[in-house]
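Engineer: Contents of model.cif (mmCIF, N, CA and C atoms) are given next:
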```cif
data_data
#
loop_
_atom_site.label_atom_id
_atom_site.label_comp_id
_atom_site.auth_asym_id
_atom_site.auth_seq_id
_atom_site.Cartn_x
_atom_site.Cartn_y
_atom_site.Cartn_z
N MET M 259 223.74 229.21 80.12
CA MET M 259 223.21 229.85 78.94
C MET M 259 222.21 230.92 79.37
N ILE M 260 222.34 232.10 78.82
CA ILE M 260 221.41 233.19 79.09
C ILE M 260 220.39 233.20 77.97
N ILE M 261 219.13 233.14 78.35
CA ILE M 261 218.05 233.13 77.37
C ILE M 261 217.50 234.54 77.28
N CYS M 262 217.69 235.17 76.13
CA CYS M 262 217.27 236.56 75.95
C CYS M 262 215.81 236.67 75.53
N ASP M 263 215.30 235.69 74.83
CA ASP M 263 213.94 235.71 74.34
C ASP M 263 213.03 235.02 75.35
N PRO M 264 212.16 235.77 76.05
CA PRO M 264 211.30 235.14 77.06
C PRO M 264 210.36 234.09 76.47
N ASN M 265 210.06 234.19 75.18
CA ASN M 265 209.20 233.19 74.54
C ASN M 265 209.94 231.87 74.33
N GLU M 266 211.26 231.89 74.43
CA GLU M 266 212.07 230.71 74.21
C GLU M 266 212.35 229.96 75.53
N ALA M 267 212.17 230.62 76.66
CA ALA M 267 212.48 230.03 77.95
C ALA M 267 211.46 228.95 78.33
N ALA M 268 211.97 227.89 78.93
CA ALA M 268 211.13 226.81 79.45
C ALA M 268 211.62 226.48 80.85
N PRO M 269 210.81 225.84 81.67
CA PRO M 269 211.23 225.51 83.04
C PRO M 269 212.52 224.69 83.07
N GLY M 270 213.24 224.82 84.16
CA GLY M 270 214.44 224.02 84.38
C GLY M 270 215.64 224.50 83.59
N GLY M 271 215.63 225.76 83.12
CA GLY M 271 216.76 226.28 82.38
C GLY M 271 216.81 225.80 80.93
N GLN M 272 215.76 225.16 80.50
CA GLN M 272 215.68 224.66 79.13
C GLN M 272 215.19 225.78 78.20
N THR M 273 215.25 225.50 76.92
CA THR M 273 214.63 226.38 75.94
C THR M 273 213.61 225.56 75.17
N VAL M 274 212.66 226.23 74.57
CA VAL M 274 211.66 225.55 73.75
C VAL M 274 212.36 224.80 72.61
N THR M 275 213.39 225.41 72.04
CA THR M 275 214.14 224.75 70.97
C THR M 275 214.79 223.47 71.47
N SER M 276 215.40 223.49 72.65
CA SER M 276 216.04 222.27 73.17
C SER M 276 215.00 221.20 73.47
N LEU M 277 213.83 221.61 73.92
CA LEU M 277 212.77 220.63 74.17
C LEU M 277 212.29 220.02 72.86
N ARG M 278 212.20 220.82 71.81
CA ARG M 278 211.82 220.26 70.50
C ARG M 278 212.86 219.25 70.02
N ARG M 279 214.13 219.54 70.25
CA ARG M 279 215.18 218.58 69.87
C ARG M 279 215.03 217.28 70.64
N ARG M 280 214.71 217.38 71.92
CA ARG M 280 214.51 216.18 72.73
C ARG M 280 213.30 215.39 72.23
N ILE M 281 212.25 216.09 71.86
CA ILE M 281 211.06 215.42 71.32
C ILE M 281 211.43 214.70 70.03
N ALA M 282 212.16 215.39 69.15
CA ALA M 282 212.57 214.78 67.88
C ALA M 282 213.43 213.54 68.15
N LEU M 283 214.33 213.63 69.10
CA LEU M 283 215.17 212.49 69.46
C LEU M 283 214.31 211.33 69.94
N GLY M 284 213.31 211.62 70.75
CA GLY M 284 212.40 210.58 71.23
C GLY M 284 211.63 209.93 70.09
N ILE M 285 211.16 210.73 69.14
CA ILE M 285 210.43 210.19 68.00
C ILE M 285 211.35 209.29 67.17
N LEU M 286 212.55 209.76 66.91
CA LEU M 286 213.50 208.96 66.15
C LEU M 286 213.87 207.67 66.88
N ALA M 287 214.04 207.76 68.20
CA ALA M 287 214.36 206.56 68.98
C ALA M 287 213.20 205.57 68.93
N GLU M 288 211.99 206.07 69.00
CA GLU M 288 210.82 205.19 68.92
C GLU M 288 210.80 204.44 67.58
N HIS M 289 211.03 205.18 66.50
CA HIS M 289 211.03 204.55 65.17
C HIS M 289 212.18 203.55 65.02
N GLU M 290 213.35 203.90 65.51
CA GLU M 290 214.50 203.00 65.42
C GLU M 290 214.27 201.76 66.29
N HIS M 291 213.73 201.96 67.44
CA HIS M 291 213.42 200.87 68.35
C HIS M 291 212.48 199.87 67.67
N GLU M 292 211.45 200.41 67.03
CA GLU M 292 210.50 199.58 66.30
C GLU M 292 211.17 198.89 65.12
N ARG M 293 211.98 199.63 64.36
CA ARG M 293 212.67 199.07 63.20
C ARG M 293 213.55 197.90 63.59
N LEU M 294 214.18 198.00 64.76
CA LEU M 294 215.06 196.95 65.25
C LEU M 294 214.28 195.77 65.85
N GLY M 295 212.98 195.92 65.96
CA GLY M 295 212.15 194.85 66.52
C GLY M 295 212.26 194.72 68.02
N LEU M 296 212.61 195.79 68.69
CA LEU M 296 212.77 195.77 70.14
C LEU M 296 211.44 196.09 70.82
N THR M 297 211.29 195.63 72.05
CA THR M 297 210.11 195.96 72.84
C THR M 297 210.56 196.38 74.23
N VAL M 298 209.77 197.22 74.86
CA VAL M 298 210.05 197.66 76.22
C VAL M 298 209.23 196.77 77.16
N THR M 299 209.91 196.17 78.11
CA THR M 299 209.23 195.29 79.06
C THR M 299 208.72 196.08 80.26
N ARG M 300 207.81 195.47 80.98
CA ARG M 300 207.28 196.07 82.21
C ARG M 300 208.42 196.29 83.20
N ASP M 301 209.35 195.33 83.29
CA ASP M 301 210.50 195.48 84.21
C ASP M 301 211.35 196.69 83.84
N GLU M 302 211.56 196.90 82.52
CA GLU M 302 212.34 198.06 82.08
C GLU M 302 211.62 199.36 82.43
N LEU M 303 210.31 199.38 82.22
CA LEU M 303 209.53 200.57 82.57
C LEU M 303 209.62 200.85 84.07
N ASN M 304 209.47 199.81 84.88
CA ASN M 304 209.55 199.98 86.33
C ASN M 304 210.94 200.45 86.76
N SER M 305 211.96 199.89 86.14
CA SER M 305 213.33 200.30 86.46
C SER M 305 213.56 201.76 86.09
N MET M 306 213.08 202.16 84.93
CA MET M 306 213.24 203.56 84.50
C MET M 306 212.48 204.49 85.44
N MET M 307 211.30 204.07 85.87
CA MET M 307 210.52 204.89 86.79
C MET M 307 211.25 205.03 88.12
N ARG M 308 211.83 203.94 88.60
CA ARG M 308 212.60 204.03 89.86
C ARG M 308 213.77 205.00 89.70
N TRP M 309 214.49 204.91 88.58
CA TRP M 309 215.61 205.81 88.32
C TRP M 309 215.13 207.26 88.31
N TYR M 310 214.05 207.51 87.59
CA TYR M 310 213.51 208.87 87.46
C TYR M 310 213.11 209.43 88.83
N ARG M 311 212.39 208.62 89.58
CA ARG M 311 211.95 209.07 90.90
C ARG M 311 213.15 209.37 91.79
N GLU M 312 214.18 208.55 91.73
CA GLU M 312 215.39 208.76 92.52
C GLU M 312 216.09 210.06 92.10
N GLN M 313 216.20 210.27 90.78
CA GLN M 313 216.88 211.47 90.25
C GLN M 313 216.23 212.76 90.74
N TYR M 314 214.92 212.75 90.88
CA TYR M 314 214.19 213.98 91.19
C TYR M 314 213.56 213.99 92.57
N GLY M 315 213.98 213.09 93.43
CA GLY M 315 213.53 213.10 94.82
C GLY M 315 212.05 212.81 94.98
N LEU M 316 211.51 211.99 94.09
CA LEU M 316 210.09 211.63 94.16
C LEU M 316 209.97 210.27 94.85
N HIS M 317 210.47 210.19 96.07
CA HIS M 317 210.59 208.91 96.77
C HIS M 317 209.24 208.36 97.22
N ARG M 318 208.40 209.24 97.71
CA ARG M 318 207.09 208.79 98.21
C ARG M 318 206.05 208.92 97.10
N ARG M 319 205.04 208.11 97.18
CA ARG M 319 203.95 208.15 96.20
C ARG M 319 203.33 209.54 96.16
N ASP M 320 203.17 210.17 97.34
CA ASP M 320 202.60 211.52 97.41
C ASP M 320 203.45 212.52 96.64
N ASP M 321 204.79 212.35 96.69
CA ASP M 321 205.69 213.24 95.96
C ASP M 321 205.44 213.13 94.46
N LEU M 322 205.37 211.90 93.98
CA LEU M 322 205.14 211.67 92.55
C LEU M 322 203.78 212.20 92.12
N GLU M 323 202.76 211.90 92.88
CA GLU M 323 201.42 212.37 92.53
C GLU M 323 201.31 213.89 92.59
N GLY M 324 202.00 214.48 93.56
CA GLY M 324 202.02 215.95 93.66
C GLY M 324 202.69 216.58 92.45
N PHE M 325 203.81 215.99 92.04
CA PHE M 325 204.49 216.49 90.84
C PHE M 325 203.58 216.37 89.63
N MET M 326 202.95 215.21 89.48
CA MET M 326 202.09 214.98 88.31
C MET M 326 200.93 215.97 88.28
N ARG M 327 200.33 216.22 89.43
CA ARG M 327 199.23 217.22 89.50
C ARG M 327 199.74 218.60 89.11
N ALA M 328 200.87 219.00 89.69
CA ALA M 328 201.44 220.33 89.43
C ALA M 328 201.81 220.49 87.96
N ALA M 329 202.30 219.41 87.35
CA ALA M 329 202.74 219.47 85.95
C ALA M 329 201.59 219.22 84.97
N GLY M 330 200.44 218.76 85.48
CA GLY M 330 199.33 218.46 84.61
C GLY M 330 199.52 217.17 83.82
N LEU M 331 200.22 216.21 84.41
CA LEU M 331 200.49 214.93 83.76
C LEU M 331 199.58 213.84 84.29
N SER M 332 199.14 212.98 83.40
CA SER M 332 198.39 211.79 83.80
C SER M 332 199.36 210.63 83.97
N ARG M 333 198.89 209.54 84.53
CA ARG M 333 199.71 208.33 84.66
C ARG M 333 200.12 207.85 83.26
N ALA M 334 199.20 207.95 82.28
CA ALA M 334 199.50 207.54 80.90
C ALA M 334 200.60 208.41 80.31
N ASP M 335 200.56 209.73 80.58
CA ASP M 335 201.61 210.63 80.08
C ASP M 335 202.97 210.23 80.65
N LEU M 336 202.99 209.94 81.94
CA LEU M 336 204.24 209.56 82.59
C LEU M 336 204.76 208.24 82.03
N THR M 337 203.88 207.29 81.85
CA THR M 337 204.28 205.99 81.30
C THR M 337 204.83 206.15 79.89
N THR M 338 204.18 206.98 79.08
CA THR M 338 204.66 207.23 77.72
C THR M 338 206.07 207.80 77.73
N GLN M 339 206.32 208.76 78.63
CA GLN M 339 207.66 209.36 78.71
C GLN M 339 208.69 208.34 79.18
N MET M 340 208.34 207.51 80.14
CA MET M 340 209.26 206.49 80.62
C MET M 340 209.56 205.48 79.49
N ARG M 341 208.55 205.16 78.70
CA ARG M 341 208.76 204.25 77.56
C ARG M 341 209.74 204.89 76.56
N THR M 342 209.57 206.17 76.30
CA THR M 342 210.49 206.87 75.40
C THR M 342 211.91 206.83 75.95
N PHE M 343 212.07 207.07 77.25
CA PHE M 343 213.41 206.99 77.86
C PHE M 343 214.00 205.58 77.69
N CYS M 344 213.16 204.56 77.89
CA CYS M 344 213.63 203.17 77.72
C CYS M 344 214.05 202.92 76.28
N GLN M 345 213.24 203.38 75.34
CA GLN M 345 213.57 203.18 73.93
C GLN M 345 214.87 203.88 73.58
N LEU M 346 215.04 205.08 74.04
CA LEU M 346 216.28 205.81 73.77
C LEU M 346 217.48 205.09 74.36
N THR M 347 217.34 204.59 75.57
CA THR M 347 218.43 203.86 76.22
C THR M 347 218.80 202.61 75.42
N ARG M 348 217.80 201.87 74.96
CA ARG M 348 218.06 200.65 74.18
C ARG M 348 218.70 200.98 72.83
N VAL M 349 218.23 202.04 72.18
CA VAL M 349 218.79 202.44 70.88
C VAL M 349 220.23 202.90 71.06
N GLN M 350 220.49 203.65 72.12
CA GLN M 350 221.86 204.07 72.41
C GLN M 350 222.77 202.87 72.62
N ALA M 351 222.30 201.89 73.36
CA ALA M 351 223.09 200.69 73.60
C ALA M 351 223.34 199.95 72.28
N HIS M 352 222.32 199.85 71.45
CA HIS M 352 222.45 199.14 70.18
C HIS M 352 223.50 199.81 69.28
N HIS M 353 223.50 201.12 69.27
CA HIS M 353 224.41 201.88 68.41
C HIS M 353 225.63 202.41 69.16
N GLY M 354 225.93 201.81 70.31
CA GLY M 354 227.00 202.30 71.18
C GLY M 354 228.35 202.48 70.50
N ALA M 355 228.76 201.50 69.71
CA ALA M 355 230.08 201.59 69.06
C ALA M 355 230.11 202.77 68.09
N ARG M 356 229.05 202.95 67.34
CA ARG M 356 229.00 204.07 66.37
C ARG M 356 228.97 205.41 67.11
N LEU M 357 228.22 205.49 68.19
CA LEU M 357 228.18 206.72 68.98
C LEU M 357 229.58 207.06 69.50
N GLU M 358 230.27 206.07 70.03
CA GLU M 358 231.62 206.30 70.57
C GLU M 358 232.58 206.72 69.47
N SER M 359 232.42 206.17 68.26
CA SER M 359 233.32 206.55 67.16
C SER M 359 233.09 207.99 66.72
N LEU M 360 231.89 208.49 66.88
CA LEU M 360 231.57 209.88 66.48
C LEU M 360 231.82 210.89 67.59
N LEU M 361 231.94 210.42 68.82
CA LEU M 361 232.09 211.31 69.97
C LEU M 361 233.26 212.29 69.85
N PRO M 362 234.44 211.88 69.43
CA PRO M 362 235.54 212.85 69.34
C PRO M 362 235.23 214.06 68.45
N ASP M 363 234.58 213.83 67.32
CA ASP M 363 234.23 214.96 66.45
C ASP M 363 233.22 215.88 67.11
N TYR M 364 232.23 215.31 67.80
CA TYR M 364 231.23 216.14 68.46
C TYR M 364 231.84 216.90 69.62
N LEU M 365 232.77 216.28 70.33
CA LEU M 365 233.48 216.99 71.39
C LEU M 365 234.29 218.14 70.82
N ALA M 366 234.91 217.92 69.67
CA ALA M 366 235.69 218.98 69.03
C ALA M 366 234.79 220.16 68.67
N PHE M 367 233.63 219.87 68.09
CA PHE M 367 232.71 220.95 67.74
C PHE M 367 232.15 221.66 68.95
N SER M 368 232.06 220.97 70.08
CA SER M 368 231.51 221.60 71.28
C SER M 368 232.45 222.68 71.84
N LYS M 369 233.69 222.70 71.38
CA LYS M 369 234.66 223.70 71.86
C LYS M 369 234.46 225.07 71.23
N ILE M 370 233.56 225.17 70.25
CA ILE M 370 233.37 226.43 69.54
C ILE M 370 232.94 227.56 70.47
N GLU M 371 232.11 227.26 71.46
CA GLU M 371 231.62 228.32 72.34
C GLU M 371 232.77 229.00 73.08
N GLY M 372 233.66 228.21 73.68
CA GLY M 372 234.80 228.79 74.38
C GLY M 372 235.76 229.49 73.45
N TRP M 373 236.00 228.90 72.28
CA TRP M 373 236.90 229.49 71.28
C TRP M 373 236.33 230.81 70.79
N SER M 374 235.05 230.81 70.47
CA SER M 374 234.40 232.01 69.96
C SER M 374 234.40 233.13 71.01
N ARG M 375 234.13 232.76 72.26
CA ARG M 375 234.11 233.74 73.35
C ARG M 375 235.49 234.34 73.55
N SER M 376 236.55 233.51 73.51
CA SER M 376 237.90 234.02 73.75
C SER M 376 238.31 234.96 72.62
N ARG M 377 237.87 234.70 71.40
CA ARG M 377 238.18 235.59 70.27
C ARG M 377 237.49 236.93 70.44
N ARG M 378 236.25 236.90 70.93
CA ARG M 378 235.52 238.17 71.15
C ARG M 378 236.18 238.96 72.26
N ASP M 379 236.74 238.25 73.25
CA ASP M 379 237.36 238.91 74.39
C ASP M 379 238.82 239.29 74.14
N GLY M 380 239.29 239.11 72.91
CA GLY M 380 240.64 239.54 72.56
C GLY M 380 241.68 238.45 72.55
N GLY M 381 241.30 237.20 72.82
CA GLY M 381 242.27 236.09 72.79
C GLY M 381 242.41 235.55 71.36
N THR M 382 243.19 234.52 71.21
CA THR M 382 243.34 233.89 69.90
C THR M 382 242.88 232.47 69.92
#
```
What's the structure tokens form of this structure?
Structural biologist:
Amino acid sequence: MIICDPNEAAPGGQTVTSLRRRIALGILAEHEHERLGLTVTRDELNSMMRWYREQYGLHRRDDLEGFMRAAGLSRADLTTQMRTFCQLTRVQAHHGARLESLLPDYLAFSKIEGWSRSRRDGGT
């Protein structure tokens, strides 16, 4: 994706709009998690943190602390984000069958970009 508006660009190839969507998803997951009476355990938080560190090469404590300093994150900020990831994972698992039933329609709609581009380029 090419971002034409420099005010919309965010690190990692993201856009401010996409980050807002992720925040909204996290808020909704938190509310749904609570509504379902679910709780995030310390083991789940630790597991999510291990996954996150592995994904981003933060293997050593110094790597993680360096990232947190550079990003301006506190330990509490990081824990809050890991809790949100855990909540989202649990909510996704809870609603897994419904998500899978809706997936074909969302995949169909995702084809619009290629279809639209081919029409602009003279295809049908």
Engineer: Step by step: start from the point (207.0, 199.1, 83.5) in the file's coordinates, keep every protein, DNA or RNA residue that has an atom no farther than 12 Å from it, count only C-alpha atoms, and write the set as a ChimeraX atom specification.
Structural biologist: /M:297-309,333-334,336-344
Engineer: When DSSP works through the backbone of this structure, what residues of chain M end up as strand (DSSP E or B), shown as a VMD selection string?
Structural biologist: chain M and resid 267 to 268 272 to 273
Engineer: Could you find all residues in segment 273-381 of chain M that DSSP calls helix (DSSP H, G or I) from the backbone, and write them as a ChimeraX atom specification?
Structural biologist: /M:274-293,300-313,319-329,333-352,354-368,370-378
Engineer: I'd like the interatomic distance between atom N of Tyr310 of chain M and atom CA of Glu288 of chain M, to a tenth of an Å.
Structural biologist: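 Between these atoms lies a distance of 19.1 Å.
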Engineer: Using only C-alpha atoms, can you tell me which of M:Ala267, M:Val274, M:Leu316, M:Ala287 comes closest to Val349 of chain M?
Structural biologist: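 Using only C-alpha atoms, the shortest distance to Val349 of chain M belongs to M:Ala287.
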Engineer: So what do you get for atom CA of Glu292 of chain M versus atom C of Gln313 of chain M, distance-wise?
Structural biologist: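 Calculated distance between atom CA of Glu292 of chain M and atom C of Gln313 of chain M is 28.4 Å.
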Engineer: Atom CA of Gly270 of chain M and atom CA of Asp335 of chain M are how many Å apart?
Structural biologist: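 Between atom CA of Gly270 of chain M and atom CA of Asp335 of chain M the gap is 19.0 Å.
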